[in-house]
file input_39.pdb (PDB, C-alpha atoms)
MODEL        1
ATOM      1  CA  MET A   1     157.147 129.971 129.219
ATOM      2  CA  SER A   2     154.458 131.621 127.132
ATOM      3  CA  LEU A   3     154.239 135.375 126.788
ATOM      4  CA  THR A   4     151.039 137.256 127.560
ATOM      5  CA  ASP A   5     149.585 140.077 125.474
ATOM      6  CA  LEU A   6     150.810 142.517 128.129
ATOM      7  CA  ASP A   7     154.315 141.005 127.810
ATOM      8  CA  LEU A   8     154.218 141.578 124.041
ATOM      9  CA  GLU A   9     153.245 145.187 124.575
ATOM     10  CA  ARG A  10     155.680 145.874 127.420
ATOM     11  CA  TYR A  11     158.628 144.262 125.631
ATOM     12  CA  SER A  12     157.589 145.249 122.087
ATOM     13  CA  ARG A  13     160.589 147.503 121.466
ATOM     14  CA  GLN A  14     163.038 144.697 122.149
ATOM     15  CA  LEU A  15     160.872 142.047 120.467
ATOM     16  CA  VAL A  16     160.968 143.972 117.183
ATOM     17  CA  LEU A  17     164.768 143.800 117.110
ATOM     18  CA  PRO A  18     165.850 141.357 114.405
ATOM     19  CA  GLU A  19     168.287 139.830 116.931
ATOM     20  CA  TRP A  20     165.498 139.277 119.470
ATOM     21  CA  SER A  21     162.634 136.784 119.418
ATOM     22  CA  GLY A  22     159.752 135.410 121.411
ATOM     23  CA  ALA A  23     162.074 132.556 122.353
ATOM     24  CA  ALA A  24     164.672 135.032 123.664
ATOM     25  CA  GLN A  25     162.021 136.842 125.705
ATOM     26  CA  SER A  26     160.742 133.552 127.121
ATOM     27  CA  LYS A  27     164.270 132.626 128.178
ATOM     28  CA  LEU A  28     164.488 135.900 130.129
ATOM     29  CA  LYS A  29     161.136 135.225 131.759
ATOM     30  CA  GLU A  30     162.354 131.807 132.921
ATOM     31  CA  ALA A  31     165.729 133.071 134.141
ATOM     32  CA  SER A  32     166.906 133.589 137.670
ATOM     33  CA  VAL A  33     169.706 136.119 138.166
ATOM     34  CA  MET A  34     171.658 137.086 141.264
ATOM     35  CA  VAL A  35     173.059 140.621 141.418
ATOM     36  CA  VAL A  36     175.802 141.130 144.000
ATOM     37  CA  GLY A  37     175.752 144.757 145.086
ATOM     38  CA  ALA A  38     172.943 147.309 144.791
ATOM     39  CA  GLY A  39     175.078 150.426 144.427
ATOM     40  CA  ALA A  40     176.560 152.354 141.528
ATOM     41  CA  LEU A  41     176.851 149.377 139.160
ATOM     42  CA  GLY A  42     173.899 147.517 140.635
ATOM     43  CA  SER A  43     171.502 150.399 139.996
ATOM     44  CA  PRO A  44     171.780 150.344 136.180
ATOM     45  CA  VAL A  45     172.176 146.557 136.075
ATOM     46  CA  LEU A  46     168.995 146.014 138.089
ATOM     47  CA  THR A  47     167.106 148.717 136.226
ATOM     48  CA  TYR A  48     167.762 147.157 132.841
ATOM     49  CA  LEU A  49     167.383 143.524 133.875
ATOM     50  CA  VAL A  50     164.075 144.223 135.593
ATOM     51  CA  GLY A  51     163.037 146.420 132.683
ATOM     52  CA  ALA A  52     163.900 143.736 130.136
ATOM     53  CA  GLY A  53     161.782 141.114 131.892
ATOM     54  CA  VAL A  54     164.126 138.715 133.697
ATOM     55  CA  GLY A  55     161.813 136.430 135.689
ATOM     56  CA  ARG A  56     163.475 136.438 139.083
ATOM     57  CA  ILE A  57     166.245 138.609 140.459
ATOM     58  CA  GLY A  58     167.976 138.275 143.793
ATOM     59  CA  VAL A  59     169.837 141.287 145.157
ATOM     60  CA  VAL A  60     172.626 140.891 147.711
ATOM     61  CA  ASP A  61     173.806 143.912 149.684
ATOM     62  CA  SER A  62     174.473 144.363 153.378
ATOM     63  CA  ASP A  63     175.144 148.111 153.236
ATOM     64  CA  SER A  64     172.823 150.947 154.133
ATOM     65  CA  VAL A  65     172.119 153.916 151.897
ATOM     66  CA  GLU A  66     174.440 156.830 152.709
ATOM     67  CA  LEU A  67     174.242 160.443 151.579
ATOM     68  CA  SER A  68     177.412 160.093 149.525
ATOM     69  CA  ASN A  69     175.853 157.189 147.565
ATOM     70  CA  LEU A  70     173.029 159.216 146.061
ATOM     71  CA  PRO A  71     174.869 160.989 143.192
ATOM     72  CA  ARG A  72     175.791 157.713 141.500
ATOM     73  CA  GLN A  73     173.258 155.150 142.743
ATOM     74  CA  PRO A  74     170.028 156.280 141.095
ATOM     75  CA  LEU A  75     167.819 153.530 142.547
ATOM     76  CA  HIS A  76     168.291 155.061 146.013
ATOM     77  CA  PHE A  77     166.424 158.242 146.919
ATOM     78  CA  THR A  78     167.017 160.711 149.733
ATOM     79  CA  PRO A  79     164.251 159.286 151.968
ATOM     80  CA  ASP A  80     166.024 155.902 151.780
ATOM     81  CA  LEU A  81     169.006 157.116 153.853
ATOM     82  CA  GLY A  82     169.803 154.461 156.429
ATOM     83  CA  ALA A  83     167.750 151.749 154.715
ATOM     84  CA  ASN A  84     169.336 148.511 153.558
ATOM     85  CA  LYS A  85     170.311 148.843 149.896
ATOM     86  CA  ALA A  86     168.783 145.545 148.762
ATOM     87  CA  GLU A  87     165.475 146.482 150.410
ATOM     88  CA  SER A  88     165.666 150.015 149.009
ATOM     89  CA  VAL A  89     166.064 148.917 145.393
ATOM     90  CA  MET A  90     163.386 146.238 145.719
ATOM     91  CA  ALA A  91     160.762 148.878 146.433
ATOM     92  CA  LYS A  92     161.529 150.772 143.209
ATOM     93  CA  LEU A  93     161.979 147.690 141.051
ATOM     94  CA  ALA A  94     158.595 146.333 142.131
ATOM     95  CA  LEU A  95     157.007 149.534 140.816
ATOM     96  CA  MET A  96     159.086 149.463 137.636
ATOM     97  CA  ASN A  97     158.013 145.959 136.641
ATOM     98  CA  PRO A  98     155.617 144.087 138.941
ATOM     99  CA  ASP A  99     155.977 140.949 136.790
ATOM    100  CA  VAL A 100     159.541 140.437 137.984
ATOM    101  CA  ILE A 101     160.139 138.705 141.304
ATOM    102  CA  VAL A 102     162.806 140.660 143.182
ATOM    103  CA  GLU A 103     164.218 139.081 146.326
ATOM    104  CA  PRO A 104     166.433 141.148 148.652
ATOM    105  CA  TYR A 105     169.258 139.489 150.581
ATOM    106  CA  PRO A 106     170.449 142.048 153.149
ATOM    107  CA  ALA A 107     173.642 140.144 153.910
ATOM    108  CA  ARG A 108     177.326 140.345 153.105
ATOM    109  CA  LEU A 109     178.542 137.792 150.578
ATOM    110  CA  GLY A 110     181.744 136.095 151.668
ATOM    111  CA  ARG A 111     183.683 132.877 151.195
ATOM    112  CA  MET A 112     181.514 131.072 153.744
ATOM    113  CA  ASN A 113     178.067 131.851 152.334
ATOM    114  CA  ALA A 114     178.711 132.609 148.641
ATOM    115  CA  GLU A 115     177.744 129.202 147.343
ATOM    116  CA  ALA A 116     174.514 129.106 149.337
ATOM    117  CA  MET A 117     173.584 132.625 148.183
ATOM    118  CA  LEU A 118     174.301 132.058 144.509
ATOM    119  CA  MET A 119     172.786 128.556 144.402
ATOM    120  CA  GLY A 120     170.068 128.193 141.775
ATOM    121  CA  ALA A 121     171.046 131.245 139.748
ATOM    122  CA  ASP A 122     171.280 130.909 135.963
ATOM    123  CA  LEU A 123     173.563 133.940 135.917
ATOM    124  CA  VAL A 124     175.365 136.176 138.380
ATOM    125  CA  VAL A 125     176.190 139.839 137.841
ATOM    126  CA  ASP A 126     178.960 141.116 140.090
ATOM    127  CA  CYS A 127     178.388 144.739 141.044
ATOM    128  CA  SER A 128     180.464 144.600 144.207
ATOM    129  CA  ASP A 129     182.974 147.223 145.246
ATOM    130  CA  SER A 130     185.872 145.203 146.594
ATOM    131  CA  PHE A 131     188.438 142.883 145.093
ATOM    132  CA  ALA A 132     187.894 140.341 147.850
ATOM    133  CA  THR A 133     184.204 140.003 146.920
ATOM    134  CA  ARG A 134     184.985 140.002 143.206
ATOM    135  CA  TYR A 135     187.378 137.046 143.498
ATOM    136  CA  THR A 136     184.957 135.257 145.798
ATOM    137  CA  VAL A 137     182.105 135.677 143.309
ATOM    138  CA  ASN A 138     184.328 134.587 140.420
ATOM    139  CA  ASP A 139     185.629 131.513 142.226
ATOM    140  CA  THR A 140     182.161 130.507 143.420
ATOM    141  CA  CYS A 141     180.599 130.908 139.962
ATOM    142  CA  CYS A 142     183.434 128.844 138.493
ATOM    143  CA  ALA A 143     182.984 126.103 141.089
ATOM    144  CA  MET A 144     179.227 126.027 140.431
ATOM    145  CA  GLY A 145     179.482 126.430 136.644
ATOM    146  CA  VAL A 146     177.299 129.536 136.655
ATOM    147  CA  PRO A 147     177.877 132.220 133.989
ATOM    148  CA  LEU A 148     179.014 135.560 135.375
ATOM    149  CA  VAL A 149     179.334 139.172 134.293
ATOM    150  CA  GLU A 150     182.126 141.048 136.024
ATOM    151  CA  GLY A 151     182.388 144.824 136.081
ATOM    152  CA  GLY A 152     184.404 147.450 137.818
ATOM    153  CA  VAL A 153     184.855 151.195 137.801
ATOM    154  CA  LEU A 154     187.548 153.396 139.248
ATOM    155  CA  GLY A 155     187.722 157.077 138.485
ATOM    156  CA  PHE A 156     187.036 157.412 134.752
ATOM    157  CA  ASP A 157     188.120 153.865 133.963
ATOM    158  CA  GLY A 158     185.809 150.909 133.616
ATOM    159  CA  LEU A 159     186.015 147.220 132.844
ATOM    160  CA  VAL A 160     183.433 144.631 131.796
ATOM    161  CA  MET A 161     183.903 140.903 131.254
ATOM    162  CA  ALA A 162     181.491 138.048 130.497
ATOM    163  CA  ILE A 163     182.468 134.620 131.786
ATOM    164  CA  LYS A 164     181.205 131.117 131.020
ATOM    165  CA  PRO A 165     183.038 128.865 133.472
ATOM    166  CA  GLY A 166     184.648 125.913 131.767
ATOM    167  CA  GLU A 167     184.269 127.532 128.349
ATOM    168  CA  SER A 168     185.900 130.938 128.572
ATOM    169  CA  ALA A 169     188.533 132.710 130.641
ATOM    170  CA  CYS A 170     187.397 133.659 134.128
ATOM    171  CA  TYR A 171     188.265 136.816 136.057
ATOM    172  CA  ARG A 172     191.127 135.003 137.766
ATOM    173  CA  CYS A 173     192.495 133.829 134.392
ATOM    174  CA  ALA A 174     192.613 137.485 133.315
ATOM    175  CA  PHE A 175     193.896 138.784 136.657
ATOM    176  CA  PRO A 176     195.598 135.880 138.433
ATOM    177  CA  VAL A 177     197.143 137.963 141.189
ATOM    178  CA  GLU A 178     194.580 139.122 143.703
ATOM    179  CA  PRO A 179     195.497 142.654 144.807
ATOM    180  CA  GLU A 180     196.254 142.893 148.492
ATOM    181  CA  GLU A 181     193.617 144.559 150.598
ATOM    182  CA  GLY A 182     194.309 148.307 150.496
ATOM    183  CA  SER A 183     196.825 148.183 147.613
ATOM    184  CA  VAL A 184     194.239 149.462 145.114
ATOM    185  CA  PRO A 185     192.312 152.571 146.104
ATOM    186  CA  SER A 186     188.610 151.980 146.706
ATOM    187  CA  CYS A 187     186.110 154.330 145.110
ATOM    188  CA  ARG A 188     185.887 156.160 148.423
ATOM    189  CA  GLU A 189     189.553 157.099 148.057
ATOM    190  CA  ALA A 190     189.837 157.341 144.247
ATOM    191  CA  GLY A 191     186.479 158.957 143.563
ATOM    192  CA  VAL A 192     183.925 158.034 140.969
ATOM    193  CA  LEU A 193     181.515 159.947 138.764
ATOM    194  CA  GLY A 194     177.937 158.669 138.455
ATOM    195  CA  PRO A 195     177.650 158.430 134.673
ATOM    196  CA  VAL A 196     180.877 156.430 134.442
ATOM    197  CA  ALA A 197     179.368 153.782 136.699
ATOM    198  CA  GLY A 198     176.188 154.137 134.632
ATOM    199  CA  ILE A 199     178.068 153.282 131.438
ATOM    200  CA  VAL A 200     179.830 150.291 132.956
ATOM    201  CA  GLY A 201     176.686 148.990 134.687
ATOM    202  CA  SER A 202     174.698 149.364 131.465
ATOM    203  CA  MET A 203     177.342 147.349 129.632
ATOM    204  CA  GLN A 204     177.139 144.652 132.326
ATOM    205  CA  ALA A 205     173.351 144.539 131.908
ATOM    206  CA  LEU A 206     173.812 144.179 128.162
ATOM    207  CA  GLU A 207     176.267 141.308 128.562
ATOM    208  CA  ALA A 208     173.841 139.664 130.986
ATOM    209  CA  LEU A 209     171.022 139.886 128.421
ATOM    210  CA  LYS A 210     173.325 138.443 125.755
ATOM    211  CA  LEU A 211     174.277 135.506 128.000
ATOM    212  CA  LEU A 212     170.693 134.835 129.059
ATOM    213  CA  THR A 213     169.101 134.957 125.608
ATOM    214  CA  GLY A 214     171.881 134.057 123.188
ATOM    215  CA  ALA A 215     170.496 136.858 120.987
ATOM    216  CA  VAL A 216     173.981 138.294 120.451
ATOM    217  CA  PRO A 217     177.314 136.656 121.328
ATOM    218  CA  PRO A 218     178.660 137.931 124.674
ATOM    219  CA  LEU A 219     182.165 139.277 125.242
ATOM    220  CA  LEU A 220     183.890 136.038 126.215
ATOM    221  CA  ASP A 221     187.613 135.347 126.498
ATOM    222  CA  GLY A 222     188.353 139.010 126.907
ATOM    223  CA  PHE A 223     187.275 142.168 128.636
ATOM    224  CA  VAL A 224     186.465 145.657 127.469
ATOM    225  CA  GLN A 225     188.328 148.474 129.112
ATOM    226  CA  ILE A 226     186.904 151.949 128.654
ATOM    227  CA  ASP A 227     188.354 155.366 129.424
ATOM    228  CA  ALA A 228     185.307 157.566 129.908
ATOM    229  CA  ARG A 229     187.371 160.749 129.499
ATOM    230  CA  THR A 230     187.858 160.069 125.800
ATOM    231  CA  TYR A 231     185.590 157.037 125.218
ATOM    232  CA  GLU A 232     188.671 155.225 124.073
ATOM    233  CA  HIS A 233     188.122 151.532 124.644
ATOM    234  CA  THR A 234     190.120 148.404 124.147
ATOM    235  CA  ILE A 235     189.025 144.811 124.006
ATOM    236  CA  VAL A 236     191.763 142.859 125.709
ATOM    237  CA  SER A 237     191.794 139.200 124.706
ATOM    238  CA  THR A 238     192.364 136.641 127.413
ATOM    239  CA  SER A 239     192.313 132.883 127.428
ATOM    240  CA  ARG A 240     191.807 130.168 130.008
ATOM    241  CA  ARG A 241     194.841 129.415 132.133
ATOM    242  CA  PRO A 242     195.436 125.682 132.419
ATOM    243  CA  ASP A 243     196.619 126.257 135.987
ATOM    244  CA  CYS A 244     193.842 128.652 137.032
ATOM    245  CA  SER A 245     192.942 127.886 140.627
ATOM    246  CA  ALA A 246     189.328 128.937 139.994
ATOM    247  CA  CYS A 247     188.316 127.402 136.683
ATOM    248  CA  ALA A 248     190.963 124.963 135.420
ATOM    249  CA  ARG A 249     189.080 121.901 136.617
ATOM    250  CA  VAL A 250     185.581 123.150 135.781
ATOM    251  CA  PRO A 251     183.741 121.165 133.105
ATOM    252  CA  ALA A 252     181.861 123.229 130.508
ATOM    253  CA  ALA A 253     178.652 124.720 131.883
ATOM    254  CA  THR A 254     175.629 122.514 131.396
ATOM    255  CA  GLN A 255     173.250 125.447 130.966
ATOM    256  CA  SER A 256     171.794 125.829 127.487
ATOM    257  CA  HIS A 257     172.673 129.499 127.519
TER
ATOM    258  CA  MET B 258     151.521 123.001 105.064
ATOM    259  CA  SER B 259     150.190 125.526 107.503
ATOM    260  CA  ALA B 260     148.097 128.363 106.124
ATOM    261  CA  GLU B 261     147.604 130.367 109.286
ATOM    262  CA  THR B 262     145.792 133.698 109.126
ATOM    263  CA  LEU B 263     146.322 136.352 111.763
ATOM    264  CA  ASP B 264     143.845 139.222 111.963
ATOM    265  CA  LEU B 265     145.896 142.232 113.035
ATOM    266  CA  THR B 266     143.315 144.887 112.183
ATOM    267  CA  GLY B 267     143.113 147.371 115.041
ATOM    268  CA  VAL B 268     146.568 146.379 116.324
ATOM    269  CA  LEU B 269     148.982 149.295 116.247
ATOM    270  CA  CYS B 270     152.626 149.405 115.157
ATOM    271  CA  PRO B 271     154.896 147.895 116.269
ATOM    272  CA  LEU B 272     152.740 145.415 118.213
ATOM    273  CA  ASN B 273     151.298 144.054 114.962
ATOM    274  CA  TRP B 274     154.772 143.130 113.741
ATOM    275  CA  VAL B 275     155.663 141.648 117.151
ATOM    276  CA  LYS B 276     152.623 139.358 116.922
ATOM    277  CA  ALA B 277     153.413 138.411 113.336
ATOM    278  CA  LYS B 278     157.051 137.761 114.216
ATOM    279  CA  LEU B 279     156.133 135.468 117.119
ATOM    280  CA  ALA B 280     153.656 133.575 114.896
ATOM    281  CA  LEU B 281     156.433 133.158 112.299
ATOM    282  CA  GLU B 282     158.725 131.693 114.963
ATOM    283  CA  GLU B 283     156.276 128.780 115.275
ATOM    284  CA  LEU B 284     156.415 127.971 111.534
ATOM    285  CA  ASP B 285     158.892 125.920 109.558
ATOM    286  CA  PRO B 286     160.872 127.536 106.734
ATOM    287  CA  GLY B 287     158.752 127.841 103.591
ATOM    288  CA  GLU B 288     155.458 127.843 105.501
ATOM    289  CA  GLU B 289     153.150 130.799 105.000
ATOM    290  CA  LEU B 290     151.504 133.226 107.384
ATOM    291  CA  THR B 291     148.726 135.498 106.142
ATOM    292  CA  LEU B 292     148.082 138.781 107.915
ATOM    293  CA  LEU B 293     145.104 141.097 107.736
ATOM    294  CA  LEU B 294     146.385 144.629 108.279
ATOM    295  CA  ASP B 295     144.970 148.124 108.505
ATOM    296  CA  PRO B 296     145.875 150.449 105.637
ATOM    297  CA  GLY B 297     148.328 153.257 106.376
ATOM    298  CA  GLU B 298     151.273 152.707 108.722
ATOM    299  CA  PRO B 299     150.636 148.999 109.385
ATOM    300  CA  LEU B 300     150.465 148.181 105.683
ATOM    301  CA  ASP B 301     153.632 150.229 105.109
ATOM    302  CA  SER B 302     155.669 148.948 108.047
ATOM    303  CA  VAL B 303     154.826 145.293 108.576
ATOM    304  CA  PRO B 304     155.731 144.079 105.053
ATOM    305  CA  ARG B 305     158.917 146.153 105.226
ATOM    306  CA  SER B 306     159.908 144.636 108.599
ATOM    307  CA  ALA B 307     159.201 141.148 107.244
ATOM    308  CA  ARG B 308     161.364 141.765 104.182
ATOM    309  CA  GLU B 309     164.154 143.235 106.347
ATOM    310  CA  ASP B 310     164.108 140.002 108.340
ATOM    311  CA  GLY B 311     164.642 138.107 105.101
ATOM    312  CA  HIS B 312     161.152 136.701 104.504
ATOM    313  CA  GLU B 313     159.378 136.693 101.150
ATOM    314  CA  VAL B 314     156.305 138.936 101.210
ATOM    315  CA  ARG B 315     153.255 139.127  98.928
ATOM    316  CA  VAL B 316     150.805 141.990  99.327
ATOM    317  CA  ASP B 317     147.233 141.756  98.064
ATOM    318  CA  GLY B 318     145.291 144.804  99.227
ATOM    319  CA  THR B 319     145.332 144.630 103.034
ATOM    320  CA  ARG B 320     146.084 140.916 102.951
ATOM    321  CA  VAL B 321     149.787 140.246 103.388
ATOM    322  CA  THR B 322     151.298 136.800 103.003
ATOM    323  CA  ILE B 323     154.713 136.081 104.487
ATOM    324  CA  VAL B 324     156.712 133.029 103.449
ATOM    325  CA  LYS B 325     159.065 132.119 106.274
ATOM    326  CA  ARG B 326     162.692 132.305 105.248
ATOM    327  CA  GLY B 327     164.901 129.250 105.180
TER
ENDMDL
END
call {"tool": "encode", "arguments": {"input": "input_39.pdb", "output": "structure tokens"}}
result
Amino acid sequence: MSLTDLDLERYSRQLVLPEWSGAAQSKLKEASVMVVGAGALGSPVLTYLVGAGVGRIGVVDSDSVELSNLPRQPLHFTPDLGANKAESVMAKLALMNPDVIVEPYPARLGRMNAEAMLMGADLVVDCSDSFATRYTVNDTCCAMGVPLVEGGVLGFDGLVMAIKPGESACYRCAFPVEPEEGSVPSCREAGVLGPVAGIVGSMQALEALKLLTGAVPPLLDGFVQIDARTYEHTIVSTSRRPDCSACARVPAATQSH
Amino acid sequence: MSAETLDLTGVLCPLNWVKAKLALEELDPGEELTLLLDPGEPLDSVPRSAREDGHEVRVDGTRVTIVKRG
């Protein structure tokens, strides 16, 4: 897809990067991304993907904006209280970059509808807040062969992982045992600080841009774990499990990216 | 051999380099792109950016010729 003069001006600061190119920018413009969750991780992810010029972005979230969301979910403003989160972010993102098509899906993603919701996406970014959703998104992306960026934050700890089903370890390869509902504290119980989610969400956006453009190799077959107290981070290597129930039988993704 | 000329006078930094870079993407290695640049910042920056990206650069006044790297 050709770039207009306004595109060149808007995206000039990324186009001048030696790693970037007109071809990379065109790939973004042609891409369709689904973001699951428009909260603390979704806010930075959506901000940077819309900012960078991804062509079409779908946002899935069934929740409404609550007062306690506002400190860490900067795409929601006080007047949005009570509004659906996907609808709330769409309004801001349309102002941020009118060239991007943002489609809100005010619904809850579950086992029954995941495939239908994620159908057609070139990439999925999981910004959900529950393990059940995370495993559902992982398993669905694996079954469909769609690249995925996982991310999670709890307290001061964060995790980011890029996944190319059939080529690299999936979330279930790295964490084969799904935690039982309630065994891991949710962010409501454990607490979370806005900038920590901002860091993790920004890293997810970066991995998404790497996967979409190929400009820089993404973090595959491993995940980065960061302790935001000290900024100590570790890249934990993982590999595909031959018996993984999600991805063992998936052929390598057919997508060029 | 292509001998494309791109008039970038009046185009500010870094948009001039963005346009040159995208034009270079269309060329084969060894092909040349000639730019017409404004003196001052453009004439300082664009040849430098091209060299940093590994291309060979010849400057003749405000006429800058870039040979696409292999």
call {"tool": "closest_atom_pairs", "arguments": {"input": "input_39.pdb", "of": "range 12-115 of chain A", "to": "range 263-279 of chain B", "cutoff": "10 Å", "atoms": "all atoms listed in the file", "output": "Markdown table"}}
result
| residue | atom | partner | partner_atom | distance |
| --- | --- | --- | --- | --- |
| A:Ser12 | CA | B:Leu272 | CA | 6.2 |
| A:Arg13 | CA | B:Pro271 | CA | 7.7 |
| A:Gln14 | CA | B:Val275 | CA | 9.4 |
| A:Leu15 | CA | B:Val275 | CA | 6.2 |
| A:Val16 | CA | B:Val275 | CA | 5.8 |
| A:Leu17 | CA | B:Val275 | CA | 9.4 |
| A:Pro18 | CA | B:Lys278 | CA | 9.5 |
| A:Ser21 | CA | B:Leu279 | CA | 7.0 |
| A:Gly22 | CA | B:Leu279 | CA | 5.6 |
| A:Ala23 | CA | B:Leu279 | CA | 8.4 |
call {"tool": "resolve_selection", "arguments": {"input": "input_39.pdb", "expression": "the PyMOL selection byres ((chain A and resi 231) around 12)", "output": "ChimeraX atom specification"}}
result
/A:156-158,196,199-200,224-230,232-234
call {"tool": "atom_distance", "arguments": {"input": "input_39.pdb", "atom1": "CA of Leu46 in chain A", "atom2": "CA of Lys85 in chain A"}}
result
12.2 Å
call {"tool": "residues_around", "arguments": {"input": "input_39.pdb", "residues": "range 241-250 of chain A", "least_positions_apart": "6", "cutoff": "8 Å", "atoms": "all atoms listed in the file", "output": "ChimeraX atom specification"}}
result
/A:138-139,142-143,145,165-166,169-170,172-173,176
call {"tool": "write_last_selection", "arguments": {"input": "input_39.pdb", "atoms": "C-alpha atoms", "output": "PDB file, keeping the file's coordinate frame"}}
result
ATOM      1  CA  ASN A 138     184.328 134.587 140.420  1.00  0.00           C
ATOM      2  CA  ASP A 139     185.629 131.513 142.226  1.00  0.00           C
ATOM      3  CA  CYS A 142     183.434 128.844 138.493  1.00  0.00           C
ATOM      4  CA  ALA A 143     182.984 126.103 141.089  1.00  0.00           C
ATOM      5  CA  GLY A 145     179.482 126.430 136.644  1.00  0.00           C
ATOM      6  CA  PRO A 165     183.038 128.865 133.472  1.00  0.00           C
ATOM      7  CA  GLY A 166     184.648 125.913 131.767  1.00  0.00           C
ATOM      8  CA  ALA A 169     188.533 132.710 130.641  1.00  0.00           C
ATOM      9  CA  CYS A 170     187.397 133.659 134.128  1.00  0.00           C
ATOM     10  CA  ARG A 172     191.127 135.003 137.766  1.00  0.00           C
ATOM     11  CA  CYS A 173     192.495 133.829 134.392  1.00  0.00           C
ATOM     12  CA  PRO A 176     195.598 135.880 138.433  1.00  0.00           C
TER      13      PRO A 176
END
call {"tool": "residues_around", "arguments": {"input": "input_39.pdb", "residues": "Ile57 in chain A", "least_positions_apart": "5", "cutoff": "8 Å", "atoms": "only C-alpha atoms", "output": "MDAnalysis selection string"}}
result
chainID A and resid 32:35 50 100:103
call {"tool": "decode", "arguments": {"input": "input_39.pdb", "residues": "range 12-59 of chain A", "atoms": "C-alpha atoms", "output": "PDB file, in the first residue's frame"}}
result
ATOM      1  CA  SER A  12       8.863  10.654   9.614  1.00  0.00           C
ATOM      2  CA  ARG A  13      10.515  10.014  12.979  1.00  0.00           C
ATOM      3  CA  GLN A  14      10.140   6.263  12.629  1.00  0.00           C
ATOM      4  CA  LEU A  15      10.860   6.279   8.884  1.00  0.00           C
ATOM      5  CA  VAL A  16      14.273   7.857   9.490  1.00  0.00           C
ATOM      6  CA  LEU A  17      15.301   4.951  11.718  1.00  0.00           C
ATOM      7  CA  PRO A  18      17.865   2.825   9.884  1.00  0.00           C
ATOM      8  CA  GLU A  19      15.882  -0.270  10.953  1.00  0.00           C
ATOM      9  CA  TRP A  20      12.661   1.134   9.476  1.00  0.00           C
ATOM     10  CA  SER A  21      11.659   1.588   5.842  1.00  0.00           C
ATOM     11  CA  GLY A  22       8.834   2.575   3.559  1.00  0.00           C
ATOM     12  CA  ALA A  23       8.173  -1.144   3.161  1.00  0.00           C
ATOM     13  CA  ALA A  24       7.898  -1.554   6.951  1.00  0.00           C
ATOM     14  CA  GLN A  25       5.486   1.380   7.164  1.00  0.00           C
ATOM     15  CA  SER A  26       3.387  -0.028   4.322  1.00  0.00           C
ATOM     16  CA  LYS A  27       3.168  -3.364   6.126  1.00  0.00           C
ATOM     17  CA  LEU A  28       1.767  -1.558   9.183  1.00  0.00           C
ATOM     18  CA  LYS A  29      -0.745   0.281   7.024  1.00  0.00           C
ATOM     19  CA  GLU A  30      -1.972  -3.025   5.581  1.00  0.00           C
ATOM     20  CA  ALA A  31      -2.111  -4.805   8.941  1.00  0.00           C
ATOM     21  CA  SER A  32      -5.124  -5.719  10.991  1.00  0.00           C
ATOM     22  CA  VAL A  33      -4.559  -6.151  14.730  1.00  0.00           C
ATOM     23  CA  MET A  34      -6.902  -7.289  17.479  1.00  0.00           C
ATOM     24  CA  VAL A  35      -6.244  -5.981  20.992  1.00  0.00           C
ATOM     25  CA  VAL A  36      -7.946  -7.950  23.762  1.00  0.00           C
ATOM     26  CA  GLY A  37      -8.544  -5.615  26.683  1.00  0.00           C
ATOM     27  CA  ALA A  38      -8.666  -1.811  26.725  1.00  0.00           C
ATOM     28  CA  GLY A  39      -7.376  -1.266  30.252  1.00  0.00           C
ATOM     29  CA  ALA A  40      -3.975  -0.751  31.828  1.00  0.00           C
ATOM     30  CA  LEU A  41      -2.005  -2.686  29.197  1.00  0.00           C
ATOM     31  CA  GLY A  42      -4.412  -1.916  26.376  1.00  0.00           C
ATOM     32  CA  SER A  43      -4.057   1.844  26.826  1.00  0.00           C
ATOM     33  CA  PRO A  44      -0.337   2.027  25.951  1.00  0.00           C
ATOM     34  CA  VAL A  45      -0.609  -0.779  23.388  1.00  0.00           C
ATOM     35  CA  LEU A  46      -3.427   0.980  21.534  1.00  0.00           C
ATOM     36  CA  THR A  47      -1.791   4.381  21.847  1.00  0.00           C
ATOM     37  CA  TYR A  48       1.425   3.234  20.215  1.00  0.00           C
ATOM     38  CA  LEU A  49      -0.119   0.976  17.583  1.00  0.00           C
ATOM     39  CA  VAL A  50      -2.530   3.689  16.484  1.00  0.00           C
ATOM     40  CA  GLY A  51       0.265   6.242  16.680  1.00  0.00           C
ATOM     41  CA  ALA A  52       2.591   4.099  14.574  1.00  0.00           C
ATOM     42  CA  GLY A  53       0.033   3.717  11.789  1.00  0.00           C
ATOM     43  CA  VAL A  54      -1.392   0.189  11.968  1.00  0.00           C
ATOM     44  CA  GLY A  55      -4.184   0.148   9.371  1.00  0.00           C
ATOM     45  CA  ARG A  56      -7.006  -1.448  11.314  1.00  0.00           C
ATOM     46  CA  ILE A  57      -7.336  -2.195  15.003  1.00  0.00           C
ATOM     47  CA  GLY A  58     -10.125  -4.063  16.721  1.00  0.00           C
ATOM     48  CA  VAL A  59     -10.574  -3.579  20.457  1.00  0.00           C
TER      49      VAL A  59
END
